[in-house]
$ cat my_file-v1.cif   # mmCIF, C-alpha atoms
data_protein
loop_
_atom_site.group_PDB
_atom_site.id
_atom_site.type_symbol
_atom_site.label_atom_id
_atom_site.label_comp_id
_atom_site.auth_asym_id
_atom_site.auth_seq_id
_atom_site.Cartn_x
_atom_site.Cartn_y
_atom_site.Cartn_z
ATOM 1 C CA MET A 786 -102.091 -20.326 23.053
ATOM 2 C CA ARG A 787 -102.382 -20.305 19.261
ATOM 3 C CA GLU A 788 -105.729 -19.953 17.507
ATOM 4 C CA VAL A 789 -105.981 -22.280 14.526
ATOM 5 C CA LEU A 790 -109.505 -21.932 13.118
ATOM 6 C CA LYS A 791 -112.634 -19.852 13.547
ATOM 7 C CA THR A 792 -116.217 -20.606 12.548
ATOM 8 C CA ASP A 793 -119.397 -18.603 13.026
ATOM 9 C CA ARG A 794 -119.762 -19.772 16.624
ATOM 10 C CA LEU A 795 -116.488 -21.427 17.572
ATOM 11 C CA ILE A 796 -112.760 -20.912 18.002
ATOM 12 C CA LEU A 797 -110.408 -23.881 17.640
ATOM 13 C CA ARG A 798 -107.076 -23.283 19.370
ATOM 14 C CA GLU A 799 -104.154 -25.297 20.629
ATOM 15 C CA ILE A 800 -104.788 -27.082 23.916
ATOM 16 C CA ILE A 801 -102.832 -26.010 26.993
ATOM 17 C CA THR A 802 -102.193 -27.966 30.192
ATOM 18 C CA ALA A 803 -104.809 -25.958 32.094
ATOM 19 C CA ASP A 804 -107.501 -27.259 29.702
ATOM 20 C CA LEU A 805 -107.047 -30.874 30.774
ATOM 21 C CA ARG A 806 -109.189 -30.593 33.906
ATOM 22 C CA VAL A 807 -112.106 -29.441 31.752
ATOM 23 C CA LEU A 808 -111.517 -32.039 29.045
ATOM 24 C CA TYR A 809 -111.420 -34.722 31.739
ATOM 25 C CA ARG A 810 -115.143 -34.042 32.226
ATOM 26 C CA ILE A 811 -115.532 -35.841 28.877
ATOM 27 C CA PHE A 812 -112.870 -38.527 29.122
ATOM 28 C CA GLY A 813 -113.645 -39.453 32.725
ATOM 29 C CA ASP A 814 -117.407 -39.602 32.129
ATOM 30 C CA ALA A 815 -118.872 -43.083 31.542
ATOM 31 C CA GLU A 816 -121.725 -41.847 29.355
ATOM 32 C CA SER A 817 -119.459 -39.714 27.146
ATOM 33 C CA MET A 818 -117.028 -42.635 26.758
ATOM 34 C CA ARG A 819 -119.599 -45.375 26.187
ATOM 35 C CA PHE A 820 -118.150 -46.171 22.747
ATOM 36 C CA TYR A 821 -114.660 -46.575 24.206
ATOM 37 C CA PRO A 822 -113.527 -49.572 26.268
ATOM 38 C CA ARG A 823 -113.976 -47.552 29.478
ATOM 39 C CA PRO A 824 -113.653 -44.016 30.879
ATOM 40 C CA LYS A 825 -110.097 -42.736 31.286
ATOM 41 C CA SER A 826 -108.379 -41.755 34.501
ATOM 42 C CA PHE A 827 -106.994 -38.230 34.682
ATOM 43 C CA GLU A 828 -103.498 -39.622 34.103
ATOM 44 C CA GLU A 829 -104.736 -41.488 31.015
ATOM 45 C CA THR A 830 -106.386 -38.295 29.791
ATOM 46 C CA GLU A 831 -103.065 -36.457 30.206
ATOM 47 C CA ALA A 832 -101.294 -39.189 28.219
ATOM 48 C CA TRP A 833 -103.963 -39.036 25.484
ATOM 49 C CA PHE A 834 -103.438 -35.326 24.911
ATOM 50 C CA GLU A 835 -99.672 -35.565 25.311
ATOM 51 C CA LYS A 836 -99.673 -37.870 22.281
ATOM 52 C CA LEU A 837 -102.524 -36.477 20.180
ATOM 53 C CA ALA A 838 -102.158 -32.780 20.994
ATOM 54 C CA PHE A 839 -98.836 -31.579 22.437
ATOM 55 C CA ARG A 840 -96.522 -34.075 20.721
ATOM 56 C CA SER A 841 -98.539 -33.992 17.495
ATOM 57 C CA TYR A 842 -98.302 -30.176 17.330
ATOM 58 C CA ALA A 843 -94.517 -30.440 17.505
ATOM 59 C CA GLU A 844 -94.104 -33.367 15.130
ATOM 60 C CA ASN A 845 -96.902 -32.826 12.609
ATOM 61 C CA GLY A 846 -98.111 -29.242 12.904
ATOM 62 C CA PHE A 847 -101.636 -30.410 13.771
ATOM 63 C CA GLY A 848 -103.435 -32.391 16.471
ATOM 64 C CA LEU A 849 -106.526 -32.255 18.657
ATOM 65 C CA TRP A 850 -107.523 -28.650 19.330
ATOM 66 C CA ALA A 851 -109.615 -27.070 22.057
ATOM 67 C CA VAL A 852 -113.097 -26.004 20.924
ATOM 68 C CA VAL A 853 -114.249 -22.764 22.542
ATOM 69 C CA GLU A 854 -117.692 -21.228 22.149
ATOM 70 C CA LYS A 855 -117.240 -17.620 21.019
ATOM 71 C CA ALA A 856 -120.292 -16.262 22.847
ATOM 72 C CA THR A 857 -119.222 -17.482 26.294
ATOM 73 C CA GLY A 858 -115.498 -18.191 25.937
ATOM 74 C CA GLU A 859 -116.155 -21.621 27.443
ATOM 75 C CA LEU A 860 -114.150 -24.716 26.522
ATOM 76 C CA ILE A 861 -116.761 -27.220 25.288
ATOM 77 C CA GLY A 862 -114.683 -30.044 23.805
ATOM 78 C CA ASP A 863 -111.924 -30.955 21.404
ATOM 79 C CA CYS A 864 -111.781 -31.468 17.660
ATOM 80 C CA GLY A 865 -108.858 -31.808 15.310
ATOM 81 C CA ILE A 866 -106.661 -33.905 13.066
ATOM 82 C CA THR A 867 -104.485 -36.822 14.136
ATOM 83 C CA LEU A 868 -102.704 -39.616 12.292
ATOM 84 C CA GLN A 869 -104.577 -42.907 12.644
ATOM 85 C CA PRO A 870 -104.149 -46.396 11.106
ATOM 86 C CA THR A 871 -106.507 -47.247 8.222
ATOM 87 C CA PRO A 872 -106.495 -49.969 5.539
ATOM 88 C CA LYS A 873 -104.326 -47.629 3.441
ATOM 89 C CA GLY A 874 -101.845 -47.071 6.281
ATOM 90 C CA PRO A 875 -101.568 -44.018 8.573
ATOM 91 C CA GLU A 876 -103.919 -41.243 7.432
ATOM 92 C CA PRO A 877 -104.994 -37.859 8.806
ATOM 93 C CA GLU A 878 -108.266 -38.319 10.654
ATOM 94 C CA ILE A 879 -110.812 -35.854 12.044
ATOM 95 C CA GLY A 880 -111.863 -36.703 15.588
ATOM 96 C CA TYR A 881 -114.097 -34.885 18.069
ATOM 97 C CA HIS A 882 -115.315 -35.118 21.670
ATOM 98 C CA PHE A 883 -117.790 -32.720 23.289
ATOM 99 C CA ARG A 884 -119.079 -32.224 26.804
ATOM 100 C CA ARG A 885 -122.546 -33.720 27.157
ATOM 101 C CA GLU A 886 -124.227 -30.445 28.089
ATOM 102 C CA TRP A 887 -123.108 -28.921 24.772
ATOM 103 C CA LEU A 888 -124.388 -31.684 22.507
ATOM 104 C CA GLY A 889 -127.350 -31.216 20.185
ATOM 105 C CA ARG A 890 -126.377 -27.717 19.023
ATOM 106 C CA GLY A 891 -124.550 -28.623 15.806
ATOM 107 C CA TYR A 892 -121.135 -27.755 17.235
ATOM 108 C CA ALA A 893 -119.548 -31.108 16.334
ATOM 109 C CA VAL A 894 -120.535 -30.736 12.676
ATOM 110 C CA GLU A 895 -119.400 -27.101 12.632
ATOM 111 C CA ALA A 896 -115.987 -27.870 14.142
ATOM 112 C CA ALA A 897 -115.383 -31.038 12.103
ATOM 113 C CA ALA A 898 -116.369 -29.333 8.843
ATOM 114 C CA ALA A 899 -113.891 -26.538 9.585
ATOM 115 C CA CYS A 900 -111.148 -29.124 10.165
ATOM 116 C CA ARG A 901 -112.040 -30.826 6.896
ATOM 117 C CA GLU A 902 -111.794 -27.594 4.918
ATOM 118 C CA PHE A 903 -108.527 -26.712 6.634
ATOM 119 C CA ALA A 904 -107.039 -30.144 5.928
ATOM 120 C CA LEU A 905 -107.955 -30.200 2.232
ATOM 121 C CA GLY A 906 -107.308 -26.498 1.747
ATOM 122 C CA SER A 907 -104.525 -24.600 3.445
ATOM 123 C CA PHE A 908 -102.863 -27.698 4.922
ATOM 124 C CA GLY A 909 -102.807 -29.398 1.532
ATOM 125 C CA PHE A 910 -103.862 -32.964 2.348
ATOM 126 C CA GLU A 911 -105.166 -34.928 -0.619
ATOM 127 C CA ARG A 912 -107.427 -37.028 1.611
ATOM 128 C CA ILE A 913 -108.898 -36.789 5.112
ATOM 129 C CA VAL A 914 -110.940 -39.446 6.934
ATOM 130 C CA SER A 915 -112.998 -40.148 10.052
ATOM 131 C CA ILE A 916 -113.154 -43.582 11.696
ATOM 132 C CA VAL A 917 -116.365 -44.467 13.551
ATOM 133 C CA SER A 918 -117.725 -47.657 15.110
ATOM 134 C CA PRO A 919 -121.170 -48.777 13.829
ATOM 135 C CA GLU A 920 -122.664 -48.443 17.318
ATOM 136 C CA ASN A 921 -121.711 -44.771 17.630
ATOM 137 C CA VAL A 922 -124.729 -43.340 15.825
ATOM 138 C CA PRO A 923 -124.188 -39.691 16.880
ATOM 139 C CA SER A 924 -120.653 -39.678 15.428
ATOM 140 C CA LEU A 925 -121.846 -41.536 12.319
ATOM 141 C CA ARG A 926 -124.312 -38.708 11.700
ATOM 142 C CA VAL A 927 -121.627 -36.047 12.148
ATOM 143 C CA ALA A 928 -119.181 -37.802 9.812
ATOM 144 C CA ALA A 929 -121.868 -38.425 7.180
ATOM 145 C CA ARG A 930 -122.645 -34.713 7.079
ATOM 146 C CA ILE A 931 -119.071 -33.566 6.475
ATOM 147 C CA HIS A 932 -117.552 -36.301 4.318
ATOM 148 C CA GLN A 933 -118.113 -37.264 0.689
ATOM 149 C CA ARG A 934 -118.404 -41.042 0.996
ATOM 150 C CA TRP A 935 -117.821 -43.989 3.288
ATOM 151 C CA GLU A 936 -116.831 -47.635 3.298
ATOM 152 C CA THR A 937 -116.510 -50.326 5.952
ATOM 153 C CA TYR A 938 -113.606 -52.505 6.986
ATOM 154 C CA ARG A 939 -112.652 -54.962 9.714
ATOM 155 C CA THR A 940 -109.808 -54.384 12.119
ATOM 156 C CA VAL A 941 -108.462 -55.761 15.389
ATOM 157 C CA THR A 942 -108.481 -53.701 18.569
ATOM 158 C CA ALA A 943 -105.607 -53.442 21.035
ATOM 159 C CA ALA A 944 -107.435 -56.052 23.105
ATOM 160 C CA GLY A 945 -107.352 -58.479 20.173
ATOM 161 C CA LYS A 946 -111.050 -58.234 19.300
ATOM 162 C CA GLU A 947 -112.079 -58.163 15.629
ATOM 163 C CA VAL A 948 -114.481 -55.270 14.965
ATOM 164 C CA ASP A 949 -116.191 -53.418 12.124
ATOM 165 C CA ARG A 950 -115.438 -49.777 11.433
ATOM 166 C CA PHE A 951 -116.851 -47.118 9.126
ATOM 167 C CA LEU A 952 -114.218 -45.147 7.221
ATOM 168 C CA PHE A 953 -115.566 -41.771 6.068
ATOM 169 C CA ILE A 954 -113.523 -40.195 3.285
ATOM 170 C CA SER A 955 -113.116 -36.752 1.719
ATOM 171 C CA GLU A 956 -110.677 -36.069 -1.108
ATOM 172 C CA ARG A 957 -109.463 -32.743 -2.414
ATOM 173 C CA GLY A 958 -111.318 -31.614 -5.533
ATOM 174 C CA VAL A 959 -113.510 -34.724 -5.734
ATOM 175 C CA GLY A 960 -117.270 -34.349 -5.395
ATOM 176 C CA GLU A 961 -117.301 -31.800 -2.621
ATOM 177 C CA PRO A 962 -120.411 -32.037 -0.376
ATOM 178 C CA THR A 963 -122.936 -29.336 -1.185
ATOM 179 C CA GLY A 964 -123.648 -28.649 2.480
ATOM 180 C CA SER A 965 -127.403 -28.428 1.906
ATOM 181 C CA VAL A 966 -129.569 -29.683 4.745
ATOM 182 C CA SER A 967 -131.435 -32.157 2.540
ATOM 183 C CA ASN A 968 -128.255 -33.775 1.247
ATOM 184 C CA ALA A 969 -126.706 -33.860 4.710
ATOM 185 C CA GLU A 970 -129.838 -35.449 6.171
ATOM 186 C CA THR A 971 -129.945 -38.002 3.353
ATOM 187 C CA ARG A 972 -126.310 -38.997 3.898
ATOM 188 C CA ALA A 973 -126.886 -39.318 7.650
ATOM 189 C CA ALA A 974 -129.979 -41.493 7.153
ATOM 190 C CA MET A 975 -128.163 -43.709 4.650
ATOM 191 C CA VAL A 976 -125.165 -44.329 6.871
ATOM 192 C CA GLU A 977 -127.374 -45.024 9.888
ATOM 193 C CA ALA A 978 -129.225 -47.661 7.836
ATOM 194 C CA ASP A 979 -125.889 -49.154 6.724
ATOM 195 C CA ALA A 980 -124.727 -49.331 10.343
ATOM 196 C CA LEU A 981 -127.924 -51.077 11.440
ATOM 197 C CA LEU A 982 -127.592 -53.619 8.634
ATOM 198 C CA LEU A 983 -123.950 -54.262 9.493
ATOM 199 C CA THR A 984 -124.790 -54.769 13.166
ATOM 200 C CA ARG A 985 -127.618 -57.194 12.339
ATOM 201 C CA ARG A 986 -125.367 -59.212 10.033
ATOM 202 C CA ARG A 987 -122.731 -59.454 12.756
ATOM 203 C CA GLU A 988 -125.319 -60.562 15.331
ATOM 204 C CA THR A 989 -126.661 -63.218 12.933
ATOM 205 C CA LYS A 990 -123.161 -64.689 12.464
ATOM 206 C CA SER A 991 -122.331 -64.724 16.172
#
$ encode --input "my_file-v1.cif" --output "C-alpha cells"
Amino acid sequence: MREVLKTDRLILREIITADLRVLYRIFGDAESMRFYPRPKSFEETEAWFEKLAFRSYAENGFGLWAVVEKATGELIGDCGITLQPTPKGPEPEIGYHFRREWLGRGYAVEAAAACREFALGSFGFERIVSIVSPENVPSLRVAARIHQRWETYRTVTAAGKEVDRFLFISERGVGEPTGSVSNAETRAAMVEADALLLTRRRETKS
C-alpha cells in the first residue's frame, strides 16, 4: 500500500480491500450516516470505494485515502480528494468520514488540511472545494477551518429533491488561511450562523 501524506499524528495511504471491513463500521452505521439518505450495505460500501478510491487512483492519481493514527497504527477513517459536480462543473473535492469513537480529537481538520495543501501544492490544482449540507454542522466546522471562503447553491439530489449546499472554496495563492485558532473559530461560527439562517429561511418557505 502506498503512503500519500503524513501529518503530526496521521498517515494517509491508499485504501486496500482489507480496509473495507473497518470502513464499513462508518458506512453501515446509522448515526455516522445520518446526513446521507441511509446507511450503506457492505456491498454498497464496496461499490463506493471501488469508484472513489480504487478506480479514482487509476484514472486520476488521487481518491479517498485511508487515515491511520500513527501512535496506534489503527485505521480510523478516510479522507481524500474526489471529483464531484459543482455549479462550475466537476471539481476536486475534499471529503472525510471518521469512526465515531475517533471524533472530537481534531483528526478531520488535520487530515483535510493536509489534503488541501497537497492539492494546491504538489498536485497543482488551482482550486479545491468541499461540499456540505447545511444540517451537517460538524462537517461545516471542519470545512470552515480549512477553506478560505464559502458560498451556497441549490442542487437536485439523485432522488429528485431540491436541496441547499455549502460550497467551501480554496484557491492557490489567494488569501491563504492563517491557521490561527481565533480565525478558525471565527470562520466556524460564521458558517454555522449562515447555515442556521439558511435552514430557517427554507422552513419559512415550506
$ resolve_selection --input "my_file-v1.cif" --expression "the PyMOL selection byres ((chain A and resi 876) around 10)" --output "mmCIF file with C-alpha atoms, in the coordinates of the input"
data_model
loop_
_atom_site.group_PDB
_atom_site.id
_atom_site.type_symbol
_atom_site.label_atom_id
_atom_site.label_comp_id
_atom_site.auth_asym_id
_atom_site.auth_seq_id
_atom_site.Cartn_x
_atom_site.Cartn_y
_atom_site.Cartn_z
ATOM 1 C CA ILE A 866 -106.661 -33.905 13.066
ATOM 2 C CA THR A 867 -104.485 -36.822 14.136
ATOM 3 C CA LEU A 868 -102.704 -39.616 12.292
ATOM 4 C CA GLN A 869 -104.577 -42.907 12.644
ATOM 5 C CA PRO A 870 -104.149 -46.396 11.106
ATOM 6 C CA THR A 871 -106.507 -47.247 8.222
ATOM 7 C CA PRO A 872 -106.495 -49.969 5.539
ATOM 8 C CA LYS A 873 -104.326 -47.629 3.441
ATOM 9 C CA GLY A 874 -101.845 -47.071 6.281
ATOM 10 C CA PRO A 875 -101.568 -44.018 8.573
ATOM 11 C CA PRO A 877 -104.994 -37.859 8.806
ATOM 12 C CA GLU A 878 -108.266 -38.319 10.654
ATOM 13 C CA ILE A 879 -110.812 -35.854 12.044
ATOM 14 C CA PHE A 910 -103.862 -32.964 2.348
ATOM 15 C CA ARG A 912 -107.427 -37.028 1.611
ATOM 16 C CA ILE A 913 -108.898 -36.789 5.112
ATOM 17 C CA VAL A 914 -110.940 -39.446 6.934
ATOM 18 C CA SER A 915 -112.998 -40.148 10.052
#
$ atom_distance --input "my_file-v1.cif" --atom1 "CA of Glu859 (chain A)" --atom2 "CA of Ala897 (chain A)"
18.0 Å
$ residues_around --input "my_file-v1.cif" --residues "region 810-823 of chain A" --least-positions-apart "5" --cutoff "8 Å" --atoms "only C-alpha atoms" --output "VMD selection string"
chain A and resid 830 862 882 to 885 918 920 to 921
$ resolve_selection --input "my_file-v1.cif" --expression "the PyMOL selection byres ((chain A and resi 838) around 10)" --output "PDB file with C-alpha atoms, in the coordinates of the input"
ATOM      1  CA  GLU A 799    -104.154 -25.297  20.629  1.00  0.00           C
ATOM      2  CA  ILE A 800    -104.788 -27.082  23.916  1.00  0.00           C
ATOM      3  CA  ILE A 801    -102.832 -26.010  26.993  1.00  0.00           C
ATOM      4  CA  GLU A 831    -103.065 -36.457  30.206  1.00  0.00           C
ATOM      5  CA  ALA A 832    -101.294 -39.189  28.219  1.00  0.00           C
ATOM      6  CA  TRP A 833    -103.963 -39.036  25.484  1.00  0.00           C
ATOM      7  CA  PHE A 834    -103.438 -35.326  24.911  1.00  0.00           C
ATOM      8  CA  GLU A 835     -99.672 -35.565  25.311  1.00  0.00           C
ATOM      9  CA  LYS A 836     -99.673 -37.870  22.281  1.00  0.00           C
ATOM     10  CA  LEU A 837    -102.524 -36.477  20.180  1.00  0.00           C
ATOM     11  CA  PHE A 839     -98.836 -31.579  22.437  1.00  0.00           C
ATOM     12  CA  ARG A 840     -96.522 -34.075  20.721  1.00  0.00           C
ATOM     13  CA  SER A 841     -98.539 -33.992  17.495  1.00  0.00           C
ATOM     14  CA  TYR A 842     -98.302 -30.176  17.330  1.00  0.00           C
ATOM     15  CA  ALA A 843     -94.517 -30.440  17.505  1.00  0.00           C
ATOM     16  CA  GLU A 844     -94.104 -33.367  15.130  1.00  0.00           C
ATOM     17  CA  ASN A 845     -96.902 -32.826  12.609  1.00  0.00           C
ATOM     18  CA  GLY A 846     -98.111 -29.242  12.904  1.00  0.00           C
ATOM     19  CA  PHE A 847    -101.636 -30.410  13.771  1.00  0.00           C
ATOM     20  CA  GLY A 848    -103.435 -32.391  16.471  1.00  0.00           C
ATOM     21  CA  LEU A 849    -106.526 -32.255  18.657  1.00  0.00           C
ATOM     22  CA  TRP A 850    -107.523 -28.650  19.330  1.00  0.00           C
ATOM     23  CA  ALA A 851    -109.615 -27.070  22.057  1.00  0.00           C
ATOM     24  CA  ASP A 863    -111.924 -30.955  21.404  1.00  0.00           C
ATOM     25  CA  GLY A 865    -108.858 -31.808  15.310  1.00  0.00           C
ATOM     26  CA  ILE A 866    -106.661 -33.905  13.066  1.00  0.00           C
ATOM     27  CA  THR A 867    -104.485 -36.822  14.136  1.00  0.00           C
TER      28      THR A 867
END
$ residues_around --input "my_file-v1.cif" --residues "Glu956 (chain A)" --least-positions-apart "5" --cutoff "12 Å" --atoms "all atoms listed in the file" --output "JSON, numbers by chain"
{"A": [877, 901, 902, 904, 905, 906, 909, 910, 911, 912, 913, 914, 931, 932, 933, 934, 935, 961, 962]}
$ closest_residue --input "my_file-v1.cif" --among "A:Thr940, A:Ser955, A:Ser907, A:Thr857" --to "Leu795 (chain A)" --atoms "all atoms listed in the file"
A:Thr857
$ atom_distance --input "my_file-v1.cif" --atom1 "CA of Gly889 (chain A)" --atom2 "CA of Val807 (chain A)"
19.2 Å
$ atom_distance --input "my_file-v1.cif" --atom1 "CA of Thr937 (chain A)" --atom2 "CA of Val959 (chain A)"
19.7 Å
$ closest_residue --input "my_file-v1.cif" --among "A:Ala943, A:Cys900, A:Leu888, A:Val927" --to "Ile796 (chain A)" --atoms "only C-alpha atoms"
A:Cys900
$ closest_residue --input "my_file-v1.cif" --among "A:Thr792, A:Thr802, A:Asn968, A:Ser924" --to "Glu895 (chain A)" --atoms "all atoms listed in the file"
A:Thr792
$ decode --input "my_file-v1.cif" --residues "region 928-953 of chain A" --atoms "N, CA, C and O atoms" --output "PDB file, in the first residue's frame"
ATOM      1  N   ALA A 928     -14.830  22.162   7.429  1.00  0.00           N
ATOM      2  CA  ALA A 928     -14.583  22.851   6.160  1.00  0.00           C
ATOM      3  C   ALA A 928     -14.285  24.324   6.369  1.00  0.00           C
ATOM      4  O   ALA A 928     -13.426  24.899   5.686  1.00  0.00           O
ATOM      5  N   ALA A 929     -14.978  24.966   7.313  1.00  0.00           N
ATOM      6  CA  ALA A 929     -14.730  26.384   7.583  1.00  0.00           C
ATOM      7  C   ALA A 929     -13.319  26.627   8.095  1.00  0.00           C
ATOM      8  O   ALA A 929     -12.730  27.684   7.834  1.00  0.00           O
ATOM      9  N   ARG A 930     -12.765  25.664   8.800  1.00  0.00           N
ATOM     10  CA  ARG A 930     -11.419  25.823   9.348  1.00  0.00           C
ATOM     11  C   ARG A 930     -10.331  25.683   8.285  1.00  0.00           C
ATOM     12  O   ARG A 930      -9.253  26.248   8.443  1.00  0.00           O
ATOM     13  N   ILE A 931     -10.597  24.926   7.225  1.00  0.00           N
ATOM     14  CA  ILE A 931      -9.508  24.672   6.269  1.00  0.00           C
ATOM     15  C   ILE A 931      -9.620  25.476   4.984  1.00  0.00           C
ATOM     16  O   ILE A 931      -8.627  25.629   4.276  1.00  0.00           O
ATOM     17  N   HIS A 932     -10.825  25.984   4.683  1.00  0.00           N
ATOM     18  CA  HIS A 932     -11.003  26.692   3.420  1.00  0.00           C
ATOM     19  C   HIS A 932     -11.000  28.206   3.608  1.00  0.00           C
ATOM     20  O   HIS A 932     -11.179  28.712   4.718  1.00  0.00           O
ATOM     21  N   GLN A 933     -10.828  28.916   2.496  1.00  0.00           N
ATOM     22  CA  GLN A 933     -10.733  30.369   2.512  1.00  0.00           C
ATOM     23  C   GLN A 933     -12.094  31.062   2.566  1.00  0.00           C
ATOM     24  O   GLN A 933     -12.255  32.081   3.216  1.00  0.00           O
ATOM     25  N   ARG A 934     -13.062  30.519   1.845  1.00  0.00           N
ATOM     26  CA  ARG A 934     -14.369  31.180   1.756  1.00  0.00           C
ATOM     27  C   ARG A 934     -15.434  30.146   1.406  1.00  0.00           C
ATOM     28  O   ARG A 934     -15.112  28.990   1.150  1.00  0.00           O
ATOM     29  N   TRP A 935     -16.683  30.578   1.416  1.00  0.00           N
ATOM     30  CA  TRP A 935     -17.770  29.682   1.075  1.00  0.00           C
ATOM     31  C   TRP A 935     -18.907  30.455   0.424  1.00  0.00           C
ATOM     32  O   TRP A 935     -19.027  31.665   0.555  1.00  0.00           O
ATOM     33  N   GLU A 936     -19.737  29.694  -0.288  1.00  0.00           N
ATOM     34  CA  GLU A 936     -20.951  30.225  -0.890  1.00  0.00           C
ATOM     35  C   GLU A 936     -21.995  29.126  -0.843  1.00  0.00           C
ATOM     36  O   GLU A 936     -21.676  27.981  -0.512  1.00  0.00           O
ATOM     37  N   THR A 937     -23.237  29.450  -1.140  1.00  0.00           N
ATOM     38  CA  THR A 937     -24.290  28.443  -1.147  1.00  0.00           C
ATOM     39  C   THR A 937     -24.883  28.331  -2.546  1.00  0.00           C
ATOM     40  O   THR A 937     -24.814  29.256  -3.352  1.00  0.00           O
ATOM     41  N   TYR A 938     -25.444  27.176  -2.815  1.00  0.00           N
ATOM     42  CA  TYR A 938     -26.129  26.959  -4.090  1.00  0.00           C
ATOM     43  C   TYR A 938     -27.211  25.916  -3.891  1.00  0.00           C
ATOM     44  O   TYR A 938     -27.261  25.232  -2.871  1.00  0.00           O
ATOM     45  N   ARG A 939     -28.106  25.816  -4.856  1.00  0.00           N
ATOM     46  CA  ARG A 939     -29.164  24.805  -4.827  1.00  0.00           C
ATOM     47  C   ARG A 939     -28.884  23.761  -5.889  1.00  0.00           C
ATOM     48  O   ARG A 939     -28.403  24.077  -6.978  1.00  0.00           O
ATOM     49  N   THR A 940     -29.171  22.516  -5.544  1.00  0.00           N
ATOM     50  CA  THR A 940     -28.951  21.423  -6.476  1.00  0.00           C
ATOM     51  C   THR A 940     -30.069  20.395  -6.301  1.00  0.00           C
ATOM     52  O   THR A 940     -30.912  20.527  -5.396  1.00  0.00           O
ATOM     53  N   VAL A 941     -30.088  19.398  -7.134  1.00  0.00           N
ATOM     54  CA  VAL A 941     -31.109  18.359  -7.079  1.00  0.00           C
ATOM     55  C   VAL A 941     -30.423  17.027  -6.808  1.00  0.00           C
ATOM     56  O   VAL A 941     -29.454  16.656  -7.481  1.00  0.00           O
ATOM     57  N   THR A 942     -30.907  16.307  -5.826  1.00  0.00           N
ATOM     58  CA  THR A 942     -30.319  15.025  -5.463  1.00  0.00           C
ATOM     59  C   THR A 942     -30.718  13.947  -6.471  1.00  0.00           C
ATOM     60  O   THR A 942     -31.569  14.157  -7.332  1.00  0.00           O
ATOM     61  N   ALA A 943     -30.088  12.785  -6.330  1.00  0.00           N
ATOM     62  CA  ALA A 943     -30.416  11.658  -7.214  1.00  0.00           C
ATOM     63  C   ALA A 943     -31.868  11.240  -7.075  1.00  0.00           C
ATOM     64  O   ALA A 943     -32.467  10.693  -8.008  1.00  0.00           O
ATOM     65  N   ALA A 944     -32.460  11.537  -5.915  1.00  0.00           N
ATOM     66  CA  ALA A 944     -33.866  11.209  -5.687  1.00  0.00           C
ATOM     67  C   ALA A 944     -34.809  12.279  -6.222  1.00  0.00           C
ATOM     68  O   ALA A 944     -36.033  12.173  -6.070  1.00  0.00           O
ATOM     69  N   GLY A 945     -34.250  13.339  -6.813  1.00  0.00           N
ATOM     70  CA  GLY A 945     -35.069  14.394  -7.391  1.00  0.00           C
ATOM     71  C   GLY A 945     -35.477  15.490  -6.430  1.00  0.00           C
ATOM     72  O   GLY A 945     -36.314  16.331  -6.764  1.00  0.00           O
ATOM     73  N   LYS A 946     -34.879  15.530  -5.250  1.00  0.00           N
ATOM     74  CA  LYS A 946     -35.209  16.542  -4.251  1.00  0.00           C
ATOM     75  C   LYS A 946     -34.280  17.743  -4.391  1.00  0.00           C
ATOM     76  O   LYS A 946     -33.068  17.593  -4.516  1.00  0.00           O
ATOM     77  N   GLU A 947     -34.864  18.952  -4.373  1.00  0.00           N
ATOM     78  CA  GLU A 947     -34.057  20.171  -4.444  1.00  0.00           C
ATOM     79  C   GLU A 947     -33.540  20.507  -3.047  1.00  0.00           C
ATOM     80  O   GLU A 947     -34.311  20.548  -2.081  1.00  0.00           O
ATOM     81  N   VAL A 948     -32.226  20.723  -2.937  1.00  0.00           N
ATOM     82  CA  VAL A 948     -31.599  20.950  -1.629  1.00  0.00           C
ATOM     83  C   VAL A 948     -30.591  22.095  -1.715  1.00  0.00           C
ATOM     84  O   VAL A 948     -30.126  22.464  -2.789  1.00  0.00           O
ATOM     85  N   ASP A 949     -30.277  22.651  -0.542  1.00  0.00           N
ATOM     86  CA  ASP A 949     -29.218  23.653  -0.423  1.00  0.00           C
ATOM     87  C   ASP A 949     -27.910  22.965  -0.090  1.00  0.00           C
ATOM     88  O   ASP A 949     -27.888  21.956   0.626  1.00  0.00           O
ATOM     89  N   ARG A 950     -26.818  23.535  -0.578  1.00  0.00           N
ATOM     90  CA  ARG A 950     -25.491  23.037  -0.246  1.00  0.00           C
ATOM     91  C   ARG A 950     -24.543  24.209  -0.014  1.00  0.00           C
ATOM     92  O   ARG A 950     -24.670  25.260  -0.651  1.00  0.00           O
ATOM     93  N   PHE A 951     -23.607  24.013   0.917  1.00  0.00           N
ATOM     94  CA  PHE A 951     -22.499  24.944   1.096  1.00  0.00           C
ATOM     95  C   PHE A 951     -21.335  24.474   0.241  1.00  0.00           C
ATOM     96  O   PHE A 951     -20.988  23.296   0.264  1.00  0.00           O
ATOM     97  N   LEU A 952     -20.747  25.394  -0.504  1.00  0.00           N
ATOM     98  CA  LEU A 952     -19.548  25.099  -1.296  1.00  0.00           C
ATOM     99  C   LEU A 952     -18.388  25.881  -0.684  1.00  0.00           C
ATOM    100  O   LEU A 952     -18.332  27.102  -0.774  1.00  0.00           O
ATOM    101  N   PHE A 953     -17.479  25.164  -0.023  1.00  0.00           N
ATOM    102  CA  PHE A 953     -16.286  25.776   0.558  1.00  0.00           C
ATOM    103  C   PHE A 953     -15.179  25.757  -0.487  1.00  0.00           C
ATOM    104  O   PHE A 953     -14.993  24.756  -1.182  1.00  0.00           O
TER     105      PHE A 953
END
